[in-house]
$ cat run-v6.pdb   # PDB, C-alpha atoms
ATOM      1  CA  MET E  61      -0.140 -22.633  -2.516
ATOM      2  CA  SER E  62      -2.841 -25.083  -1.433
ATOM      3  CA  GLU E  63      -2.533 -26.500   2.104
ATOM      4  CA  PRO E  64      -5.699 -28.590   2.671
ATOM      5  CA  LEU E  65      -4.350 -30.045   5.912
ATOM      6  CA  LEU E  66      -4.154 -26.538   7.416
ATOM      7  CA  ALA E  67      -7.366 -25.070   5.992
ATOM      8  CA  GLU E  68     -10.224 -23.827   8.151
ATOM      9  CA  VAL E  69     -13.745 -24.287   6.776
ATOM     10  CA  GLN E  70     -16.496 -21.719   7.357
ATOM     11  CA  LEU E  71     -19.537 -23.160   9.129
ATOM     12  CA  SER E  72     -21.487 -19.947   9.745
ATOM     13  CA  SER E  73     -21.010 -16.190   9.405
ATOM     14  CA  GLN E  74     -22.452 -13.201  11.283
ATOM     15  CA  GLU E  75     -22.145  -9.588  10.160
ATOM     16  CA  LEU E  76     -21.028  -7.362  13.045
ATOM     17  CA  PHE E  77     -20.569  -3.957  11.449
ATOM     18  CA  ARG E  78     -20.794  -2.222   8.080
ATOM     19  CA  GLY E  79     -19.122   1.171   7.814
ATOM     20  CA  HIS E  80     -17.921   3.517   5.102
ATOM     21  CA  LEU E  81     -14.592   1.663   4.822
ATOM     22  CA  LEU E  82     -14.720  -1.501   6.908
ATOM     23  CA  HIS E  83     -17.046  -4.501   7.055
ATOM     24  CA  ALA E  84     -16.643  -6.788  10.100
ATOM     25  CA  PHE E  85     -17.708 -10.412  10.546
ATOM     26  CA  ARG E  86     -17.646 -13.162  13.182
ATOM     27  CA  ASP E  87     -17.440 -16.647  11.656
ATOM     28  CA  THR E  88     -17.522 -20.100  13.158
ATOM     29  CA  VAL E  89     -15.026 -22.394  11.436
ATOM     30  CA  ARG E  90     -14.094 -26.071  11.494
ATOM     31  CA  LEU E  91     -10.423 -26.574  12.319
ATOM     32  CA  PRO E  92      -8.182 -29.227  10.743
ATOM     33  CA  ASP E  93      -8.644 -31.515  13.761
ATOM     34  CA  GLY E  94     -12.465 -31.354  13.484
ATOM     35  CA  THR E  95     -13.088 -28.960  16.375
ATOM     36  CA  SER E  96     -14.571 -25.505  15.896
ATOM     37  CA  ALA E  97     -13.397 -21.983  16.645
ATOM     38  CA  VAL E  98     -14.518 -18.377  16.188
ATOM     39  CA  ARG E  99     -12.774 -15.999  13.782
ATOM     40  CA  GLU E 100     -13.446 -12.253  13.764
ATOM     41  CA  TYR E 101     -12.136 -10.312  10.769
ATOM     42  CA  VAL E 102     -12.566  -7.181   8.682
ATOM     43  CA  VAL E 103     -13.296  -7.174   4.951
ATOM     44  CA  HIS E 104     -11.362  -4.404   3.202
ATOM     45  CA  PRO E 105     -11.782  -3.232  -0.423
ATOM     46  CA  GLY E 106      -8.039  -3.339  -1.104
ATOM     47  CA  ALA E 107      -5.476  -0.585  -1.522
ATOM     48  CA  VAL E 108      -2.346   0.512  -3.339
ATOM     49  CA  MET E 109       0.982   1.999  -2.290
ATOM     50  CA  VAL E 110       3.197   3.972  -4.658
ATOM     51  CA  ILE E 111       6.980   4.308  -4.384
ATOM     52  CA  PRO E 112       7.624   7.467  -6.468
ATOM     53  CA  LEU E 113      11.202   7.934  -7.690
ATOM     54  CA  LEU E 114      12.804  11.289  -8.505
ATOM     55  CA  GLN E 115      16.347  12.058  -9.619
ATOM     56  CA  ASP E 116      18.120  15.090  -8.178
ATOM     57  CA  ALA E 117      20.605  17.359  -9.965
ATOM     58  CA  GLN E 118      23.383  14.783  -9.452
ATOM     59  CA  ALA E 119      21.192  12.005 -10.945
ATOM     60  CA  GLN E 120      20.793  10.438  -7.494
ATOM     61  CA  TRP E 121      17.472   8.830  -6.617
ATOM     62  CA  GLN E 122      15.087  10.342  -4.116
ATOM     63  CA  VAL E 123      11.672   9.107  -3.020
ATOM     64  CA  VAL E 124       8.510  11.149  -2.533
ATOM     65  CA  MET E 125       7.140  10.654   0.970
ATOM     66  CA  GLU E 126       4.268  11.939   3.090
ATOM     67  CA  ARG E 127       3.668  12.933   6.689
ATOM     68  CA  GLN E 128       0.101  12.389   7.863
ATOM     69  CA  PHE E 129      -1.685  12.253  11.218
ATOM     70  CA  ARG E 130      -3.261   8.834  11.712
ATOM     71  CA  TYR E 131      -6.098   9.052  14.208
ATOM     72  CA  ALA E 132      -6.152   5.375  15.192
ATOM     73  CA  VAL E 133      -2.582   5.492  16.537
ATOM     74  CA  GLY E 134      -2.700   9.168  17.514
ATOM     75  CA  GLN E 135       0.480  10.308  15.798
ATOM     76  CA  VAL E 136       1.980  11.671  12.600
ATOM     77  CA  MET E 137       3.324   8.868  10.423
ATOM     78  CA  VAL E 138       5.912   8.931   7.636
ATOM     79  CA  GLU E 139       4.566   6.947   4.691
ATOM     80  CA  PHE E 140       4.642   6.343   0.971
ATOM     81  CA  PRO E 141       1.574   7.638  -0.924
ATOM     82  CA  ALA E 142      -1.251   5.118  -0.632
ATOM     83  CA  GLY E 143      -4.996   4.755  -0.666
ATOM     84  CA  LYS E 144      -7.925   2.399  -1.032
ATOM     85  CA  LEU E 145      -9.517   1.192  -4.230
ATOM     86  CA  ASP E 146     -12.696   2.844  -5.435
ATOM     87  CA  CYS E 147     -15.491   0.653  -6.754
ATOM     88  CA  GLY E 148     -14.774  -0.511 -10.316
ATOM     89  CA  GLU E 149     -11.248   0.917 -10.317
ATOM     90  CA  SER E 150      -8.239  -1.113 -11.434
ATOM     91  CA  ARG E 151      -5.251  -1.260  -9.133
ATOM     92  CA  TRP E 152      -3.086   0.712 -11.554
ATOM     93  CA  GLN E 153      -5.798   3.368 -11.985
ATOM     94  CA  CYS E 154      -5.952   3.651  -8.209
ATOM     95  CA  ALA E 155      -2.171   4.077  -8.025
ATOM     96  CA  VAL E 156      -2.256   6.835 -10.656
ATOM     97  CA  ARG E 157      -5.119   8.605  -8.898
ATOM     98  CA  GLU E 158      -3.611   8.420  -5.423
ATOM     99  CA  LEU E 159      -0.217   9.666  -6.601
ATOM    100  CA  ARG E 160      -1.798  12.639  -8.370
ATOM    101  CA  GLU E 161      -4.302  13.482  -5.631
ATOM    102  CA  GLU E 162      -1.855  13.259  -2.729
ATOM    103  CA  THR E 163       1.388  14.553  -4.271
ATOM    104  CA  GLY E 164       0.390  16.297  -7.516
ATOM    105  CA  TYR E 165       2.808  14.139  -9.491
ATOM    106  CA  GLN E 166       2.025  12.182 -12.634
ATOM    107  CA  ALA E 167       4.398   9.423 -13.775
ATOM    108  CA  SER E 168       5.365   8.427 -17.305
ATOM    109  CA  GLU E 169       6.526   4.927 -16.269
ATOM    110  CA  TRP E 170       5.138   2.391 -13.821
ATOM    111  CA  ALA E 171       6.218  -0.999 -12.501
ATOM    112  CA  HIS E 172       4.080  -3.397 -10.479
ATOM    113  CA  ALA E 173       6.253  -4.808  -7.695
ATOM    114  CA  GLY E 174       3.854  -7.166  -5.926
ATOM    115  CA  VAL E 175       1.219  -7.486  -3.206
ATOM    116  CA  ILE E 176       1.430  -7.355   0.578
ATOM    117  CA  HIS E 177      -1.103  -8.474   3.203
ATOM    118  CA  PRO E 178      -0.429  -6.157   6.168
ATOM    119  CA  LEU E 179      -2.969  -7.514   8.680
ATOM    120  CA  ILE E 180      -3.353 -11.238   7.998
ATOM    121  CA  ALA E 181      -4.677 -12.114  11.464
ATOM    122  CA  TYR E 182      -7.864 -10.071  11.157
ATOM    123  CA  SER E 183      -8.243  -8.355   7.774
ATOM    124  CA  THR E 184      -8.618  -9.276   4.102
ATOM    125  CA  GLU E 185      -6.707  -6.146   3.082
ATOM    126  CA  ALA E 186      -4.254  -6.580   0.206
ATOM    127  CA  ILE E 187      -2.029  -3.691  -0.883
ATOM    128  CA  ASP E 188      -0.649  -3.552  -4.417
ATOM    129  CA  VAL E 189       2.869  -2.086  -4.507
ATOM    130  CA  TRP E 190       3.764   0.100  -7.499
ATOM    131  CA  PHE E 191       6.931   1.986  -8.440
ATOM    132  CA  ALA E 192       6.590   5.211 -10.438
ATOM    133  CA  ARG E 193       9.225   7.294 -12.242
ATOM    134  CA  GLY E 194       9.402  10.026 -14.855
ATOM    135  CA  LEU E 195       7.499  12.265 -12.446
ATOM    136  CA  VAL E 196       5.955  15.527 -13.612
ATOM    137  CA  PRO E 197       4.737  17.923 -10.880
ATOM    138  CA  GLY E 198       1.217  19.308 -10.808
ATOM    139  CA  GLU E 199      -1.590  20.357  -8.479
ATOM    140  CA  ARG E 200      -2.713  18.129  -5.643
ATOM    141  CA  ALA E 201      -6.384  17.242  -5.179
ATOM    142  CA  LEU E 202      -6.728  16.025  -1.594
ATOM    143  CA  ASP E 203      -9.966  14.482  -0.373
ATOM    144  CA  ASN E 204     -12.166  16.526   1.953
ATOM    145  CA  GLY E 205     -10.761  16.212   5.457
ATOM    146  CA  GLU E 206      -7.376  14.947   4.217
ATOM    147  CA  PHE E 207      -4.296  16.827   5.423
ATOM    148  CA  LEU E 208      -0.749  15.718   4.660
ATOM    149  CA  GLU E 209       2.708  17.071   3.919
ATOM    150  CA  VAL E 210       4.732  15.896   0.899
ATOM    151  CA  PHE E 211       8.541  15.856   0.969
ATOM    152  CA  ASN E 212      11.505  14.130  -0.666
ATOM    153  CA  ALA E 213      14.014  11.841   1.012
ATOM    154  CA  THR E 214      17.030   9.865  -0.093
ATOM    155  CA  PRO E 215      16.875   6.068   0.163
ATOM    156  CA  VAL E 216      19.629   6.230   2.779
ATOM    157  CA  GLU E 217      17.576   8.623   4.907
ATOM    158  CA  LEU E 218      14.517   6.386   4.596
ATOM    159  CA  LEU E 219      16.441   3.307   5.724
ATOM    160  CA  GLN E 220      17.889   5.235   8.669
ATOM    161  CA  TRP E 221      14.359   6.256   9.701
ATOM    162  CA  CYS E 222      13.241   2.629   9.473
ATOM    163  CA  GLN E 223      16.147   1.535  11.664
ATOM    164  CA  SER E 224      15.653   4.307  14.231
ATOM    165  CA  GLY E 225      11.911   3.705  14.595
ATOM    166  CA  LEU E 226      10.806   6.972  13.019
ATOM    167  CA  VAL E 227       9.077   4.894  10.323
ATOM    168  CA  THR E 228       6.858   2.195  11.814
ATOM    169  CA  ASP E 229       4.120   1.967   9.182
ATOM    170  CA  ALA E 230       4.187  -1.661   7.976
ATOM    171  CA  LYS E 231       3.571  -0.952   4.289
ATOM    172  CA  THR E 232       6.282   1.724   4.215
ATOM    173  CA  LEU E 233       8.760  -0.591   5.937
ATOM    174  CA  THR E 234       7.995  -3.190   3.276
ATOM    175  CA  GLY E 235       8.337  -0.529   0.578
ATOM    176  CA  ALA E 236      11.757   0.444   1.937
ATOM    177  CA  LEU E 237      12.881  -3.185   1.675
ATOM    178  CA  TRP E 238      11.624  -3.343  -1.911
ATOM    179  CA  LEU E 239      13.330  -0.049  -2.751
ATOM    180  CA  GLN E 240      16.648  -1.162  -1.287
ATOM    181  CA  ASN E 241      16.631  -4.370  -3.323
ATOM    182  CA  VAL E 242      15.496  -2.693  -6.544
ATOM    183  CA  LEU E 243      18.132   0.050  -6.367
ATOM    184  CA  GLY E 244      20.745  -2.524  -5.382
ATOM    185  CA  GLY E 245      19.934  -4.631  -8.439
ATOM    186  CA  GLN E 246      18.809  -7.722  -6.512
ATOM    187  CA  TRP E 247      15.111  -7.385  -7.462
ATOM    188  CA  LYS E 248      14.083  -6.555 -11.029
ATOM    189  CA  LEU E 249      11.073  -4.520 -12.123
ATOM    190  CA  ASP E 250       9.194  -4.649 -15.424
ATOM    191  CA  TRP E 251       8.721  -0.978 -16.264
ATOM    192  CA  GLN E 252       5.783  -0.042 -18.522
ATOM    193  CA  ALA E 253       4.878   3.276 -20.091
ATOM    194  CA  ALA E 254       1.784   4.899 -18.590
ATOM    195  CA  SER E 255       0.391   5.286 -22.099
ATOM    196  CA  PHE E 256       0.632   1.500 -22.571
ATOM    197  CA  LEU E 257      -1.005   0.665 -19.251
ATOM    198  CA  ALA E 258      -3.833   3.112 -19.945
ATOM    199  CA  ARG E 259      -4.789   1.066 -23.031
ATOM    200  CA  GLU E 260      -5.013  -2.233 -21.169
TER     201      GLU E 260
END
$ encode --input "run-v6.pdb" --output "structure tokens"
Amino acid sequence: MSEPLLAEVQLSSQELFRGHLLHAFRDTVRLPDGTSAVREYVVHPGAVMVIPLLQDAQAQWQVVMERQFRYAVGQVMVEFPAGKLDCGESRWQCAVRELREETGYQASEWAHAGVIHPLIAYSTEAIDVWFARGLVPGERALDNGEFLEVFNATPVELLQWCQSGLVTDAKTLTGALWLQNVLGGQWKLDWQAASFLARE
């Protein structure tokens, strides 16, 4: 959606920091009323989040979740599997890789749900949201220095954790909303076989 009356125009840009993951800038911009302001922001390579669906012995859905210590906030967080894009990697390839590396699962069917921007005030990060089903277990392949626990939860449990404040991760809260609407039939997904997506 184009909103030219609200747009800010870059006048100059200064690099502040370049790290392994993040790239920070301070820009001077022209505001819609003609005055100028400073905007500091982080350039992010992009990421994916996977909502993996399993069926239990009673054919009831469960979701595969993770518990991981997040240093920046100093606590263990409950999350869906997720990770950043590698250079030259498609978003679906990233979703497949992250699911396998973090949980050991491979999925026979995938559905792209949409995109979320979790930090719009100061980051370019966009997270692609994928659903995965037809899960086959296998060996995990965690990155060096990566430690996390994988477990299953029912959608009801997940929503209770969101309500109680146990889950505060923004992408997982968004994923829980998506899951609730998909399982309730309000939001439709276009499921594709992994073998089909691999050919694209």
$ closest_residue --input "run-v6.pdb" --among "E:Met137, E:Cys147, E:Ala117, E:Leu179" --to "Asp229 of chain E" --atoms "only C-alpha atoms"
E:Met137
$ residues_around --input "run-v6.pdb" --residues "Thr184 of chain E" --least-positions-apart "2" --cutoff "7 Å" --atoms "all atoms listed in the file" --output "list in words"
Val102, Val103, His104, Ile180 and Ala186 of chain E
$ resolve_selection --input "run-v6.pdb" --expression "the PyMOL selection byres ((chain E and resi 240-246) around 9)" --output "list of chain:residue names"
E:Trp121, E:Pro215, E:Val216, E:Leu219, E:Gly235, E:Ala236, E:Leu237, E:Trp238, E:Leu239, E:Trp247, E:Lys248, E:Leu249
$ resolve_selection --input "run-v6.pdb" --expression "the PyMOL selection byres ((chain E and resi 167) around 10)" --output "compact mmCIF listing (two decimals) with C-alpha atoms, keeping the file's coordinate frame"
# COMPACT_ATOMS: atom_id res chain seq x y z
CA PRO E 112 7.62 7.47 -6.47
CA LEU E 113 11.20 7.93 -7.69
CA VAL E 156 -2.26 6.84 -10.66
CA LEU E 159 -0.22 9.67 -6.60
CA ARG E 160 -1.80 12.64 -8.37
CA TYR E 165 2.81 14.14 -9.49
CA GLN E 166 2.02 12.18 -12.63
CA SER E 168 5.36 8.43 -17.30
CA GLU E 169 6.53 4.93 -16.27
CA TRP E 170 5.14 2.39 -13.82
CA PHE E 191 6.93 1.99 -8.44
CA ALA E 192 6.59 5.21 -10.44
CA ARG E 193 9.22 7.29 -12.24
CA GLY E 194 9.40 10.03 -14.86
CA LEU E 195 7.50 12.26 -12.45
CA VAL E 196 5.96 15.53 -13.61
CA PRO E 197 4.74 17.92 -10.88
CA ALA E 253 4.88 3.28 -20.09
CA ALA E 254 1.78 4.90 -18.59
$ atom_distance --input "run-v6.pdb" --atom1 "atom CA of Cys154 of chain E" --atom2 "atom CA of Tyr131 of chain E"
23.1 Å
$ residues_around --input "run-v6.pdb" --residues "Lys144 of chain E" --least-positions-apart "4" --cutoff "7 Å" --atoms "all atoms listed in the file" --output "PyMOL selection string"
chain E and resi 105-108
$ write_last_selection --input "run-v6.pdb" --atoms "C-alpha atoms" --output "mmCIF file, in the frame of the given file"
data_model
loop_
_atom_site.group_PDB
_atom_site.id
_atom_site.type_symbol
_atom_site.label_atom_id
_atom_site.label_comp_id
_atom_site.auth_asym_id
_atom_site.auth_seq_id
_atom_site.Cartn_x
_atom_site.Cartn_y
_atom_site.Cartn_z
ATOM 1 C CA PRO E 105 -11.782 -3.232 -0.423
ATOM 2 C CA GLY E 106 -8.039 -3.339 -1.104
ATOM 3 C CA ALA E 107 -5.476 -0.585 -1.522
ATOM 4 C CA VAL E 108 -2.346 0.512 -3.339
#
$ resolve_selection --input "run-v6.pdb" --expression "the PyMOL selection byres ((chain E and resi 202) around 12)" --output "ChimeraX atom specification"
/E:141,143,157-164,199-201,203-210
$ build_atoms --input "run-v6.pdb" --residues "segment 236-260 of chain E" --atoms "N, CA and C atoms" --output "compact mmCIF listing (two decimals), keeping the file's coordinate frame"
# COMPACT_ATOMS: atom_id res chain seq x y z
N ALA E 236 10.33 0.12 1.80
CA ALA E 236 11.76 0.44 1.94
C ALA E 236 12.62 -0.77 1.60
N LEU E 237 12.17 -1.95 2.02
CA LEU E 237 12.88 -3.18 1.68
C LEU E 237 12.89 -3.39 0.16
N TRP E 238 11.73 -3.20 -0.46
CA TRP E 238 11.62 -3.34 -1.91
C TRP E 238 12.55 -2.35 -2.62
N LEU E 239 12.51 -1.10 -2.15
CA LEU E 239 13.33 -0.05 -2.75
C LEU E 239 14.80 -0.39 -2.65
N GLN E 240 15.24 -0.82 -1.49
CA GLN E 240 16.65 -1.16 -1.29
C GLN E 240 17.09 -2.25 -2.26
N ASN E 241 16.26 -3.26 -2.45
CA ASN E 241 16.63 -4.37 -3.32
C ASN E 241 16.54 -4.00 -4.80
N VAL E 242 15.59 -3.15 -5.15
CA VAL E 242 15.50 -2.69 -6.54
C VAL E 242 16.69 -1.82 -6.91
N LEU E 243 17.01 -0.83 -6.07
CA LEU E 243 18.13 0.05 -6.37
C LEU E 243 19.47 -0.68 -6.30
N GLY E 244 19.52 -1.73 -5.48
CA GLY E 244 20.74 -2.52 -5.38
C GLY E 244 20.90 -3.55 -6.49
N GLY E 245 19.86 -3.71 -7.32
CA GLY E 245 19.93 -4.63 -8.44
C GLY E 245 19.55 -6.06 -8.12
N GLN E 246 19.17 -6.35 -6.86
CA GLN E 246 18.81 -7.72 -6.51
C GLN E 246 17.41 -8.10 -7.01
N TRP E 247 16.49 -7.14 -7.02
CA TRP E 247 15.11 -7.38 -7.46
C TRP E 247 14.86 -6.57 -8.72
N LYS E 248 14.33 -7.21 -9.75
CA LYS E 248 14.08 -6.56 -11.03
C LYS E 248 12.63 -6.11 -11.13
N LEU E 249 12.41 -5.03 -11.85
CA LEU E 249 11.07 -4.52 -12.12
C LEU E 249 10.84 -4.50 -13.63
N ASP E 250 9.60 -4.71 -14.02
CA ASP E 250 9.19 -4.65 -15.42
C ASP E 250 8.50 -3.31 -15.65
N TRP E 251 9.27 -2.32 -16.08
CA TRP E 251 8.72 -0.98 -16.26
C TRP E 251 7.86 -0.91 -17.52
N GLN E 252 6.70 -0.22 -17.41
CA GLN E 252 5.78 -0.04 -18.52
C GLN E 252 5.44 1.44 -18.65
N ALA E 253 5.29 1.90 -19.88
CA ALA E 253 4.88 3.28 -20.09
C ALA E 253 3.43 3.46 -19.63
N ALA E 254 3.17 4.60 -19.03
CA ALA E 254 1.78 4.90 -18.59
C ALA E 254 0.81 4.85 -19.76
N SER E 255 1.26 5.29 -20.93
CA SER E 255 0.39 5.29 -22.10
C SER E 255 0.01 3.86 -22.50
N PHE E 256 0.92 2.91 -22.28
CA PHE E 256 0.63 1.50 -22.57
C PHE E 256 -0.35 0.92 -21.56
N LEU E 257 -0.12 1.18 -20.28
CA LEU E 257 -1.00 0.66 -19.25
C LEU E 257 -2.40 1.23 -19.37
N ALA E 258 -2.52 2.48 -19.81
CA ALA E 258 -3.83 3.11 -19.94
C ALA E 258 -4.68 2.43 -21.01
N ARG E 259 -4.04 1.74 -21.96
CA ARG E 259 -4.79 1.07 -23.03
C ARG E 259 -5.26 -0.32 -22.63
N GLU E 260 -4.67 -0.86 -21.55
CA GLU E 260 -5.01 -2.23 -21.17
C GLU E 260 -6.39 -2.32 -20.51
